[in-house]
$ cat model25.cif   # mmCIF, C-alpha atoms and all ligand atoms
data_data
#
loop_
_atom_site.label_atom_id
_atom_site.label_comp_id
_atom_site.auth_asym_id
_atom_site.auth_seq_id
_atom_site.Cartn_x
_atom_site.Cartn_y
_atom_site.Cartn_z
CA MET A 1 7.96 -27.70 6.04
CA ALA A 2 9.57 -26.40 9.17
CA VAL A 3 13.25 -26.98 9.56
CA ARG A 4 13.93 -28.22 13.02
CA THR A 5 17.65 -28.72 13.18
CA GLY A 6 20.90 -27.16 12.22
CA LYS A 7 23.27 -24.32 12.50
CA TYR A 8 20.67 -21.56 12.29
CA TYR A 9 17.85 -23.29 14.07
CA ASP A 10 19.23 -23.61 17.54
CA ALA A 11 18.78 -22.84 21.20
CA ALA A 12 18.56 -19.11 20.49
CA GLU A 13 15.46 -19.57 18.34
CA THR A 14 13.65 -21.91 20.70
CA VAL A 15 14.47 -20.24 24.01
CA PRO A 16 11.37 -20.26 26.29
CA PRO A 17 9.31 -17.08 25.79
CA LYS A 18 9.92 -15.77 29.32
CA GLU A 19 13.66 -16.11 28.93
CA ARG A 20 13.55 -14.37 25.54
CA HIS A 21 11.55 -11.54 27.07
CA ALA A 22 14.09 -11.07 29.87
CA LEU A 23 17.03 -11.34 27.48
CA LEU A 24 15.59 -8.78 25.05
CA GLU A 25 14.76 -6.34 27.83
CA LYS A 26 18.30 -6.60 29.11
CA ARG A 27 19.73 -6.09 25.60
CA LEU A 28 17.37 -3.18 25.07
CA HIS A 29 18.50 -1.49 28.26
CA LEU A 30 22.15 -1.95 27.27
CA ALA A 31 21.56 -0.71 23.71
CA VAL A 32 19.79 2.44 24.92
CA ALA A 33 22.47 3.09 27.56
CA ARG A 34 25.18 2.62 24.95
CA ALA A 35 23.44 4.92 22.45
CA TYR A 36 23.03 7.54 25.18
CA ARG A 37 26.70 7.32 26.10
CA LEU A 38 28.12 7.32 22.57
CA ALA A 39 25.58 8.77 20.11
CA PRO A 40 25.15 12.54 20.60
CA ALA A 41 21.90 12.59 18.59
CA THR A 42 20.28 10.03 20.88
CA ARG A 43 21.67 11.70 24.00
CA ASP A 44 20.19 15.06 22.89
CA MET A 45 16.82 13.46 22.16
CA MET A 46 16.75 11.76 25.58
CA ASP A 47 17.94 14.85 27.45
CA LYS A 48 15.20 16.91 25.78
CA THR A 49 12.54 14.46 26.94
CA GLY A 50 14.11 14.20 30.40
CA VAL A 51 14.55 10.43 30.19
CA ARG A 52 17.68 8.80 31.59
CA PRO A 53 19.04 5.46 30.33
CA SER A 54 18.23 4.01 33.75
CA ASP A 55 14.55 4.81 33.05
CA ILE A 56 14.48 2.31 30.16
CA ARG A 57 14.27 -1.09 31.85
CA SER A 58 11.21 -2.64 30.23
CA PHE A 59 9.65 -2.68 26.77
CA LYS A 60 6.89 -0.41 28.02
CA ASP A 61 9.45 2.18 29.15
CA LEU A 62 10.32 2.85 25.51
CA GLU A 63 7.03 4.73 25.15
CA LYS A 64 8.69 7.56 27.08
CA LEU A 65 10.91 8.25 24.07
CA PRO A 66 9.92 9.84 20.76
CA VAL A 67 10.01 7.90 17.48
CA THR A 68 12.78 8.86 15.04
CA ARG A 69 11.79 8.73 11.39
CA LYS A 70 13.62 8.73 8.07
CA MET A 71 13.23 12.51 7.65
CA ASP A 72 14.74 13.14 11.11
CA ILE A 73 17.85 11.14 10.19
CA ILE A 74 18.17 12.95 6.85
CA GLU A 75 17.95 16.34 8.60
CA LEU A 76 20.39 15.34 11.35
CA GLN A 77 22.90 13.99 8.85
CA LYS A 78 22.69 17.30 6.99
CA SER A 79 23.26 19.35 10.12
CA HIS A 80 25.81 16.93 11.69
CA PRO A 81 27.56 15.23 8.78
CA PRO A 82 28.14 12.53 7.92
CA TYR A 83 26.29 10.27 10.37
CA GLY A 84 24.01 12.77 12.12
CA GLY A 85 25.32 12.01 15.59
CA PHE A 86 24.33 8.33 15.51
CA LEU A 87 27.80 6.81 15.05
CA THR A 88 28.91 5.03 18.22
CA VAL A 89 32.32 3.68 17.23
CA PRO A 90 35.48 5.42 16.03
CA GLN A 91 35.33 6.00 12.26
CA GLU A 92 38.15 3.51 11.60
CA GLU A 93 36.05 0.68 13.09
CA VAL A 94 33.25 1.13 10.56
CA GLU A 95 33.54 -1.80 8.21
CA ARG A 96 31.16 -0.61 5.51
CA VAL A 97 28.76 2.20 4.79
CA PHE A 98 25.47 1.72 2.99
CA ILE A 99 23.54 4.55 1.38
CA SER A 100 19.75 4.64 1.42
CA PRO A 101 17.62 7.11 -0.49
CA GLY A 102 17.72 10.46 1.26
CA PRO A 103 20.67 10.07 1.21
CA ILE A 104 21.14 8.35 4.55
CA TYR A 105 24.60 7.03 5.39
CA GLU A 106 24.36 3.83 7.41
CA PRO A 107 27.54 2.59 9.06
CA LEU A 108 27.85 -1.10 9.87
CA HIS A 109 30.28 -2.47 12.40
CA SER A 110 32.13 -5.60 11.37
CA SER A 111 30.61 -7.88 13.97
CA ARG A 112 27.41 -9.89 13.76
CA ILE A 113 26.27 -9.82 10.18
CA GLU A 114 25.50 -13.52 10.40
CA TRP A 115 22.04 -12.99 11.85
CA PHE A 116 20.54 -12.80 8.37
CA ALA A 117 21.43 -16.43 7.78
CA ARG A 118 18.58 -17.50 10.07
CA ALA A 119 16.07 -16.23 7.53
CA PHE A 120 17.60 -18.19 4.65
CA TRP A 121 18.13 -21.29 6.75
CA ALA A 122 14.46 -21.23 7.77
CA ALA A 123 13.56 -20.95 4.07
CA GLY A 124 15.55 -24.11 3.36
CA PHE A 125 18.70 -22.75 1.69
CA ARG A 126 21.63 -25.16 2.11
CA GLN A 127 24.94 -26.29 0.70
CA GLY A 128 24.41 -27.60 -2.82
CA ASP A 129 21.89 -24.92 -3.72
CA VAL A 130 22.71 -22.53 -6.56
CA VAL A 131 20.96 -19.21 -6.03
CA VAL A 132 20.55 -16.04 -8.09
CA ASN A 133 20.69 -13.00 -5.82
CA THR A 134 18.81 -10.36 -7.80
CA PHE A 135 19.05 -7.58 -5.22
CA THR A 136 21.34 -4.65 -5.84
CA TYR A 137 24.95 -5.04 -4.75
CA HIS A 138 25.63 -1.36 -4.45
CA LEU A 139 24.44 1.52 -2.26
CA SER A 140 21.82 -0.35 -0.21
CA PRO A 141 22.64 -3.32 2.05
CA ALA A 142 20.36 -5.91 0.40
CA GLY A 143 22.67 -7.57 -2.14
CA MET A 144 25.76 -7.92 0.01
CA LEU A 145 24.03 -8.92 3.23
CA PHE A 146 21.87 -11.55 1.55
CA HIS A 147 24.92 -12.82 -0.32
CA GLU A 148 26.81 -13.35 2.92
CA ALA A 149 23.81 -14.91 4.63
CA LEU A 150 23.36 -17.40 1.78
CA ARG A 151 27.06 -18.26 2.03
CA HIS A 152 26.68 -18.87 5.77
CA CYS A 153 24.01 -21.45 4.87
CA GLY A 154 26.42 -23.04 2.40
CA ALA A 155 24.64 -22.06 -0.83
CA THR A 156 26.48 -21.03 -4.00
CA VAL A 157 25.49 -17.49 -4.97
CA VAL A 158 25.26 -16.28 -8.57
CA VAL A 159 25.98 -12.56 -8.36
CA THR A 160 23.40 -11.30 -10.82
CA GLY A 161 22.11 -8.17 -9.09
CA VAL A 162 19.11 -6.30 -10.45
CA GLY A 163 17.78 -6.21 -13.99
CA ASN A 164 19.27 -7.94 -17.06
CA THR A 165 16.31 -10.27 -17.47
CA ASP A 166 17.70 -12.24 -20.40
CA ILE A 167 21.11 -12.76 -18.80
CA GLN A 168 19.42 -13.86 -15.58
CA LEU A 169 17.37 -16.42 -17.47
CA GLN A 170 20.35 -17.72 -19.37
CA ALA A 171 22.41 -18.03 -16.19
CA MET A 172 19.52 -19.78 -14.48
CA ARG A 173 19.41 -22.39 -17.23
CA ASP A 174 23.16 -22.80 -17.72
CA LEU A 175 23.99 -23.03 -14.02
CA LYS A 176 20.90 -25.05 -13.07
CA VAL A 177 19.89 -22.44 -10.53
CA ASN A 178 17.38 -23.83 -8.02
CA GLY A 179 16.94 -20.77 -5.79
CA PHE A 180 15.78 -17.20 -6.41
CA VAL A 181 16.32 -14.24 -4.09
CA GLY A 182 14.59 -10.99 -5.01
CA THR A 183 11.17 -9.38 -5.23
CA PRO A 184 8.01 -11.27 -6.23
CA SER A 185 7.43 -8.89 -9.13
CA PHE A 186 10.89 -9.54 -10.57
CA LEU A 187 10.39 -13.30 -10.43
CA MET A 188 7.03 -12.88 -12.15
CA ALA A 189 8.75 -10.73 -14.80
CA LEU A 190 11.35 -13.48 -15.35
CA ILE A 191 8.60 -16.06 -15.73
CA LYS A 192 6.79 -13.87 -18.23
CA ARG A 193 9.97 -13.32 -20.23
CA ALA A 194 10.70 -17.06 -20.22
CA GLY A 195 7.23 -17.60 -21.68
CA GLU A 196 7.94 -15.08 -24.44
CA MET A 197 11.08 -17.03 -25.28
CA ASP A 198 9.00 -20.20 -25.55
CA LEU A 199 10.59 -21.66 -22.45
CA ASP A 200 8.68 -23.60 -19.84
CA LEU A 201 9.65 -22.69 -16.31
CA ARG A 202 8.87 -26.15 -14.97
CA LYS A 203 10.70 -28.08 -17.69
CA ASP A 204 13.52 -25.84 -18.78
CA PHE A 205 14.56 -24.52 -15.36
CA ALA A 206 15.52 -26.08 -12.05
CA ILE A 207 14.03 -23.33 -9.86
CA LYS A 208 12.45 -24.82 -6.72
CA LYS A 209 12.56 -22.13 -4.05
CA ALA A 210 12.22 -18.38 -3.87
CA TRP A 211 12.93 -15.94 -1.05
CA PHE A 212 11.39 -12.50 -1.16
CA THR A 213 11.64 -9.20 0.59
CA GLY A 214 11.28 -5.51 -0.25
CA GLU A 215 7.74 -5.87 -1.51
CA MET A 216 4.50 -7.36 -0.29
CA LEU A 217 3.95 -10.94 -1.42
CA ALA A 218 0.32 -10.99 -2.55
CA PRO A 219 -1.46 -14.23 -1.61
CA SER A 220 -2.52 -14.70 -5.25
CA VAL A 221 1.09 -14.43 -6.49
CA ARG A 222 2.23 -16.88 -3.83
CA LYS A 223 -0.43 -19.35 -4.89
CA THR A 224 0.52 -19.05 -8.55
CA LEU A 225 4.21 -19.60 -7.82
CA GLU A 226 3.60 -22.55 -5.54
CA ASN A 227 0.79 -24.31 -7.39
CA GLU A 228 1.50 -23.51 -11.04
CA TYR A 229 5.27 -23.45 -10.98
CA GLY A 230 6.12 -25.69 -8.02
CA ILE A 231 8.24 -23.03 -6.34
CA ASN A 232 8.40 -23.04 -2.55
CA THR A 233 8.15 -19.41 -1.37
CA SER A 234 9.36 -17.61 1.76
CA GLN A 235 9.46 -13.97 2.70
CA ALA A 236 11.15 -11.68 5.15
CA TYR A 237 10.64 -8.12 6.30
CA GLY A 238 13.47 -5.64 6.56
CA VAL A 239 14.24 -1.96 6.32
CA THR A 240 17.60 -0.47 5.49
CA GLU A 241 17.83 2.44 7.95
CA PRO A 242 18.11 0.40 11.15
CA GLY A 243 20.29 -2.12 9.33
CA GLY A 244 18.37 -4.91 7.65
CA ALA A 245 16.15 -7.93 8.25
CA ILE A 246 13.71 -7.67 11.11
CA ALA A 247 11.42 -10.68 10.70
CA TYR A 248 11.22 -13.81 8.56
CA GLU A 249 8.96 -16.72 7.74
CA CYS A 250 9.68 -20.18 9.10
CA GLY A 251 7.98 -22.46 6.59
CA GLN A 252 4.51 -22.30 8.13
CA GLU A 253 3.51 -19.30 6.01
CA ALA A 254 1.76 -17.88 9.05
CA GLY A 255 3.59 -14.68 9.85
CA MET A 256 7.22 -13.65 10.25
CA HIS A 257 9.24 -14.35 13.39
CA LEU A 258 10.95 -11.33 14.88
CA MET A 259 14.75 -11.32 14.97
CA ASP A 260 16.37 -10.99 18.39
CA GLU A 261 18.75 -8.46 16.87
CA TYR A 262 16.02 -5.82 17.16
CA PHE A 263 13.40 -4.88 19.61
CA THR A 264 10.21 -4.42 17.60
CA GLU A 265 7.10 -2.54 18.69
CA ILE A 266 3.76 -1.94 17.00
CA ILE A 267 2.59 1.56 17.86
CA ASP A 268 -0.11 4.08 17.18
CA PRO A 269 1.86 6.52 15.00
CA ARG A 270 -0.04 9.51 16.38
CA THR A 271 0.62 8.85 20.05
CA GLY A 272 3.74 6.66 20.01
CA LYS A 273 1.99 4.24 22.40
CA GLN A 274 2.42 0.49 21.97
CA LEU A 275 -0.54 -1.52 20.68
CA PRO A 276 -1.54 -4.99 21.91
CA PRO A 277 -1.24 -8.12 19.73
CA GLY A 278 -3.78 -8.20 16.91
CA GLU A 279 -4.00 -4.45 16.48
CA ILE A 280 -2.53 -2.87 13.39
CA GLY A 281 -0.06 -0.04 13.79
CA GLU A 282 3.36 1.18 12.71
CA ILE A 283 6.41 -1.07 13.04
CA VAL A 284 9.04 0.64 15.19
CA VAL A 285 12.44 -0.98 15.75
CA THR A 286 15.43 -0.44 17.99
CA PRO A 287 18.54 -2.23 16.71
CA LEU A 288 20.27 -4.21 19.46
CA HIS A 289 23.14 -5.71 17.50
CA ASN A 290 24.77 -2.99 15.38
CA LYS A 291 27.49 -1.55 17.54
CA ALA A 292 28.09 1.35 15.15
CA TRP A 293 24.57 2.78 15.05
CA GLY A 294 22.99 4.36 18.14
CA LEU A 295 19.48 4.55 16.79
CA VAL A 296 16.58 4.13 19.21
CA ARG A 297 12.91 3.71 18.19
CA PHE A 298 13.13 4.00 14.44
CA GLY A 299 9.66 4.41 12.88
CA THR A 300 9.55 2.39 9.66
CA GLY A 301 6.23 3.82 8.41
CA ASP A 302 5.12 0.24 7.59
CA LEU A 303 1.94 -1.20 9.09
CA SER A 304 1.63 -4.60 10.72
CA SER A 305 0.33 -6.34 13.81
CA LEU A 306 1.87 -8.88 16.17
CA THR A 307 0.79 -12.34 17.20
CA TYR A 308 2.03 -13.98 20.40
CA GLU A 309 0.45 -17.35 19.50
CA PRO A 310 2.92 -20.24 19.65
CA CYS A 311 4.16 -21.35 16.20
CA PRO A 312 4.22 -25.06 15.24
CA CYS A 313 7.81 -24.65 13.98
CA GLY A 314 9.04 -24.37 17.57
CA ARG A 315 10.54 -20.92 17.24
CA THR A 316 9.40 -18.85 20.17
CA ALA A 317 9.87 -15.31 18.83
CA HIS A 318 6.65 -13.38 18.29
CA ARG A 319 5.52 -12.89 14.71
CA LEU A 320 4.48 -10.02 12.47
CA THR A 321 1.22 -11.09 10.83
CA GLY A 322 1.99 -9.40 7.51
CA ILE A 323 2.76 -6.01 6.02
CA TYR A 324 -0.39 -4.03 5.32
CA GLY A 325 0.87 -0.87 3.69
CA ARG A 326 2.26 2.47 4.79
CA ALA A 327 1.16 4.48 7.81
CA GLY A 328 -0.37 7.06 5.44
CA ASP A 329 -2.63 4.36 3.93
CA ALA A 330 -4.49 3.79 7.18
CA VAL A 331 -7.17 5.65 9.06
CA LYS A 332 -8.12 5.00 12.65
CA VAL A 333 -11.81 4.31 13.07
CA ARG A 334 -13.21 3.89 16.58
CA GLY A 335 -9.76 3.03 17.87
CA MET A 336 -8.79 0.52 15.16
CA PHE A 337 -6.64 1.20 12.13
CA VAL A 338 -8.43 0.45 8.90
CA VAL A 339 -5.82 -0.19 6.23
CA ALA A 340 -6.75 0.47 2.60
CA ARG A 341 -5.24 -2.77 1.31
CA GLN A 342 -6.88 -5.01 3.91
CA ALA A 343 -10.22 -3.32 3.35
CA GLU A 344 -9.84 -3.81 -0.37
CA GLU A 345 -9.10 -7.52 -0.03
CA ALA A 346 -12.20 -8.01 2.09
CA ILE A 347 -14.49 -6.04 -0.21
CA ILE A 348 -13.17 -7.53 -3.44
CA ALA A 349 -13.48 -11.05 -1.98
CA THR A 350 -17.26 -10.84 -2.36
CA GLY A 351 -16.75 -10.83 -6.12
CA LYS A 352 -19.73 -8.52 -6.53
CA VAL A 353 -18.21 -5.10 -6.00
CA GLY A 354 -16.05 -3.28 -8.52
CA ARG A 355 -14.65 0.01 -7.32
CA PHE A 356 -15.40 1.31 -3.86
CA ARG A 357 -14.77 4.15 -1.49
CA LEU A 358 -14.65 4.11 2.31
CA VAL A 359 -15.36 7.39 4.03
CA VAL A 360 -14.85 8.13 7.72
CA THR A 361 -16.95 10.93 9.19
CA ARG A 362 -17.78 12.02 12.69
CA SER A 363 -21.24 12.14 14.20
CA GLY A 364 -21.24 13.59 17.70
CA GLU A 365 -18.61 11.66 19.61
CA ARG A 366 -18.57 8.69 17.28
CA ASP A 367 -16.65 7.81 14.11
CA GLU A 368 -18.86 6.60 11.28
CA LEU A 369 -17.74 4.47 8.41
CA THR A 370 -19.57 4.55 5.09
CA LEU A 371 -18.88 2.25 2.16
CA LYS A 372 -19.85 3.40 -1.30
CA ALA A 373 -19.66 0.33 -3.50
CA GLU A 374 -20.10 0.10 -7.26
CA LEU A 375 -22.15 -2.98 -8.05
CA LYS A 376 -20.84 -5.24 -10.77
CA ASP A 377 -24.31 -6.63 -11.28
CA GLU A 378 -27.30 -4.35 -10.74
CA SER A 379 -29.57 -7.31 -9.98
CA ALA A 380 -27.56 -8.49 -6.97
CA ASP A 381 -29.47 -9.05 -3.72
CA ARG A 382 -28.36 -5.94 -1.87
CA GLU A 383 -29.43 -7.01 1.56
CA SER A 384 -27.48 -10.26 1.58
CA LEU A 385 -24.52 -8.60 -0.13
CA ALA A 386 -24.46 -5.91 2.56
CA ARG A 387 -24.40 -8.63 5.21
CA GLU A 388 -21.61 -10.49 3.45
CA LEU A 389 -19.60 -7.29 2.99
CA ASN A 390 -19.85 -6.46 6.66
CA GLU A 391 -18.90 -9.99 7.74
CA LYS A 392 -15.81 -10.06 5.55
CA PHE A 393 -14.89 -6.50 6.44
CA GLN A 394 -15.23 -7.05 10.17
CA SER A 395 -13.17 -10.19 10.20
CA ALA A 396 -10.37 -8.43 8.29
CA CYS A 397 -10.49 -4.94 9.81
CA ARG A 398 -12.25 -5.58 13.14
CA VAL A 399 -14.56 -2.60 12.65
CA LYS A 400 -18.18 -2.57 11.49
CA ILE A 401 -19.26 -0.55 8.45
CA ASP A 402 -22.12 1.73 9.54
CA PHE A 403 -23.65 2.52 6.15
CA ILE A 404 -23.37 0.78 2.81
CA ASP A 405 -24.46 2.68 -0.30
CA PHE A 406 -24.63 0.66 -3.49
CA ILE A 407 -23.98 2.87 -6.48
CA LEU A 408 -23.96 2.36 -10.23
CA ALA A 409 -20.74 1.22 -11.87
CA GLY A 410 -18.85 4.27 -13.14
CA THR A 411 -20.25 6.64 -10.49
CA LEU A 412 -16.95 7.18 -8.70
CA PRO A 413 -14.65 9.69 -10.37
CA GLU A 414 -11.66 8.39 -12.32
CA LYS A 415 -9.21 9.43 -9.63
CA TYR A 416 -10.27 8.99 -6.05
CA GLN A 417 -9.01 7.86 -2.68
CA LYS A 418 -10.24 4.44 -1.62
CA LEU A 419 -9.98 5.38 2.03
CA SER A 420 -10.87 8.92 2.94
CA ASP A 421 -10.85 10.62 6.32
CA GLU A 422 -13.42 13.43 6.27
CA ARG A 423 -13.69 13.96 9.99
CA LYS A 424 -13.53 17.54 11.17
CA TRP A 425 -11.83 18.02 14.50
CA GLU A 426 -12.95 21.30 15.94
ZN ZN B 501 7.33 -20.53 13.01
#
$ encode --input "model25.cif" --output "structure tokens" --more "lines below"
Ligand SMILES: [Zn+2]
Amino acid sequence: MAVRTGKYYDAAETVPPKERHALLEKRLHLAVARAYRLAPATRDMMDKTGVRPSDIRSFKDLEKLPVTRKMDIIELQKSHPPYGGFLTVPQEEVERVFISPGPIYEPLHSSRIEWFARAFWAAGFRQGDVVVNTFTYHLSPAGMLFHEALRHCGATVVVTGVGNTDIQLQAMRDLKVNGFVGTPSFLMALIKRAGEMDLDLRKDFAIKKAWFTGEMLAPSVRKTLENEYGINTSQAYGVTEPGGAIAYECGQEAGMHLMDEYFTEIIDPRTGKQLPPGEIGEIVVTPLHNKAWGLVRFGTGDLSSLTYEPCPCGRTAHRLTGIYGRAGDAVKVRGMFVVARQAEEAIIATGKVGRFRLVVTRSGERDELTLKAELKDESADRESLARELNEKFQSACRVKIDFIDFILAGTLPEKYQKLSDERKWE
């Protein structure tokens, strides 16, 4: 159920869309101007492209700037240690430094770490809850930031961190833990272990809600947790390099609302151009809140799409529709990204195809998409199956399959790519 009142569901979340748009554009302009003034790496990048801070007034203007990726930050931090020219405050004002794989050193200014609390509040975490926080408390920001956000909502946090399955389970029983924060796969591992110990999750534990990030929450896992174990689930999307949570679910389980602490774009990773709502592309974020970090247009490498549809919860921020994989797992076919995972869900949903391979080729000026599908049952009606496959595929991926070849089970080699781009560009 949507939460409609309280400390972290307030005027800021329900501001009329036009006002939010204007506010974010203003913040974006200020953030870019600040980064230009104080972060040498961003100033260099903008000078090289000939763009002045005064040129960045609207969301669309951001397209004039290149996307900075993880590898760029790693290289810059090597050549300009320790922060690569992105630090925008004097060193003594950095409150904490997180370290992401790379390594990447991420400074955080002391102000405004409360924004995370919105995600937990929306998921129903409150005073009186006892929550295991199973994210790591060292190096990366997850453990500490989630801990503080849960505290802002009033919840008691059990500082378990990662791993230690048996201790986690014991603590969950002894302390009557009713909330879990971690990855879906770790919660599933805990449930499995409880089963091995002859414990019944519903009877022997008090767990009623779970909050996930860091990993895709598969619809089947969500269903199992909610229906079989009575656990209310919520998820959020975040990346460590630009400083944390970017979008979160509100209780409707219909996409994740964007945080106003970032400006988020969905782009075509090859051109850097923004894509309209409904089209899948790379998530690119510009932090607007972290005063220590002058990063502009960080390319996350994750794929999603946006929806501008109003949400019944009353929050007016646009939503990410889901996370569909990594930019490398997608191929653009006739202008639309086909994502391996989405394609797989659509094809498997017919129940009649085992393994499959999608191949993109080029015929004249047109991309062609061929599906090679291993039939589970040789006697299946191929014509109606082909129709069903194309219907499901089109509604998920918005592109039509041109040719469907049914092949015998076991025809595809043991190791193969499900989505293969065999176009030759000459
Ligand atoms: Zn909502």
$ residues_near_ligand --input "model25.cif" --ligand "ligand ZN 501 (chain B)" --cutoff "7 Å" --atoms "only C-alpha atoms and all ligand atoms" --output "JSON, numbers by chain"
{"A": [249, 250, 251, 252, 257, 311, 312, 313, 314, 315]}
$ residues_around --input "model25.cif" --residues "range 366-371 of chain A" --least-positions-apart "4" --cutoff "9 Å" --atoms "all atoms listed in the file" --output "PyMOL selection string"
chain A and resi 333-334+356-362+399-406+423
$ closest_residue --input "model25.cif" --among "A:His138, A:Lys223, A:Lys415, A:Arg193" --to "Asn164 in chain A" --atoms "only C-alpha atoms"
A:Arg193
$ closest_residue --input "model25.cif" --among "A:Ala236, A:Leu87, A:Ala409, A:Met256" --to "Ala41 in chain A" --atoms "all atoms listed in the file"
A:Leu87
$ atom_distance --input "model25.cif" --atom1 "CA of Leu288 in chain A" --atom2 "CA of Ala327 in chain A"
24.0 Å
$ residues_near_point --input "model25.cif" --point "(8.9, -14.0, -13.2)" --cutoff "12 Å" --atoms "all atoms listed in the file" --output "number ranges by chain"
A: 134, 163, 165-166, 168-169, 180-196, 200-201, 207, 210, 221-222, 224-225, 229, 231
$ residues_around --input "model25.cif" --residues "Thr14 in chain A" --least-positions-apart "4" --cutoff "9 Å" --atoms "all atoms listed in the file" --output "mmCIF file with C-alpha atoms, keeping the file's coordinate frame"
data_model
loop_
_atom_site.group_PDB
_atom_site.id
_atom_site.type_symbol
_atom_site.label_atom_id
_atom_site.label_comp_id
_atom_site.auth_asym_id
_atom_site.auth_seq_id
_atom_site.Cartn_x
_atom_site.Cartn_y
_atom_site.Cartn_z
ATOM 1 C CA TYR A 9 17.850 -23.290 14.070
ATOM 2 C CA ASP A 10 19.230 -23.610 17.540
ATOM 3 C CA ARG A 20 13.550 -14.370 25.540
ATOM 4 C CA GLY A 314 9.040 -24.370 17.570
ATOM 5 C CA ARG A 315 10.540 -20.920 17.240
ATOM 6 C CA THR A 316 9.400 -18.850 20.170
ATOM 7 C CA ALA A 317 9.870 -15.310 18.830
#
$ atom_distance --input "model25.cif" --atom1 "CA of Ser420 in chain A" --atom2 "CA of Arg355 in chain A"
14.1 Å
$ residues_around --input "model25.cif" --residues "Gly128 in chain A" --least-positions-apart "5" --cutoff "8 Å" --atoms "only C-alpha atoms" --output "PDB file with C-alpha atoms, in the frame of the given file"
ATOM      1  CA  GLY A 154      26.420 -23.040   2.400  1.00  0.00           C
ATOM      2  CA  ALA A 155      24.640 -22.060  -0.830  1.00  0.00           C
ATOM      3  CA  THR A 156      26.480 -21.030  -4.000  1.00  0.00           C
TER       4      THR A 156
END
$ closest_residue --input "model25.cif" --among "A:Val132, A:Ala330, A:Leu320, A:Leu258" --to "Ala343 in chain A" --atoms "only C-alpha atoms"
A:Ala330
$ residues_near_point --input "model25.cif" --point "(11.9, -16.4, 0.1)" --cutoff "6 Å" --atoms "only C-alpha atoms" --output "number ranges by chain"
A: 210-212, 233-235
$ closest_residue --input "model25.cif" --among "A:Met197, A:Gly272, A:Glu253, A:Leu28" --to "Arg57 in chain A" --atoms "only C-alpha atoms"
A:Leu28
$ residues_around --input "model25.cif" --residues "Ile267 in chain A" --least-positions-apart "4" --cutoff "10 Å" --atoms "only C-alpha atoms" --output "ChimeraX atom specification"
/A:63,67,271-276,279-284,299,303-305
$ atom_distance --input "model25.cif" --atom1 "CA of Ala396 in chain A" --atom2 "CA of Val331 in chain A"
14.5 Å
$ residues_around --input "model25.cif" --residues "Tyr83 in chain A" --least-positions-apart "5" --cutoff "12 Å" --atoms "all atoms listed in the file" --output "list in words"
Ala39, Pro40, Ala41, Asp72, Ile73, Ile74, Glu75, Leu76, Gln77, Lys78, Thr88, Val89, Pro90, Gln91, Val94, Val97, Phe98, Ile99, Pro103, Ile104, Tyr105, Glu106, Pro107, Leu108, Glu241, Ala292, Trp293, Gly294 and Leu295 of chain A
$ closest_residue --input "model25.cif" --among "A:Ala31, A:Ala12, A:Met71, A:Val177" --to "Gly301 in chain A" --atoms "all atoms listed in the file"
A:Met71
$ closest_residue --input "model25.cif" --among "A:Phe125, A:Phe86, A:Trp115, A:Tyr308" --to "His21 in chain A" --atoms "only C-alpha atoms"
A:Tyr308
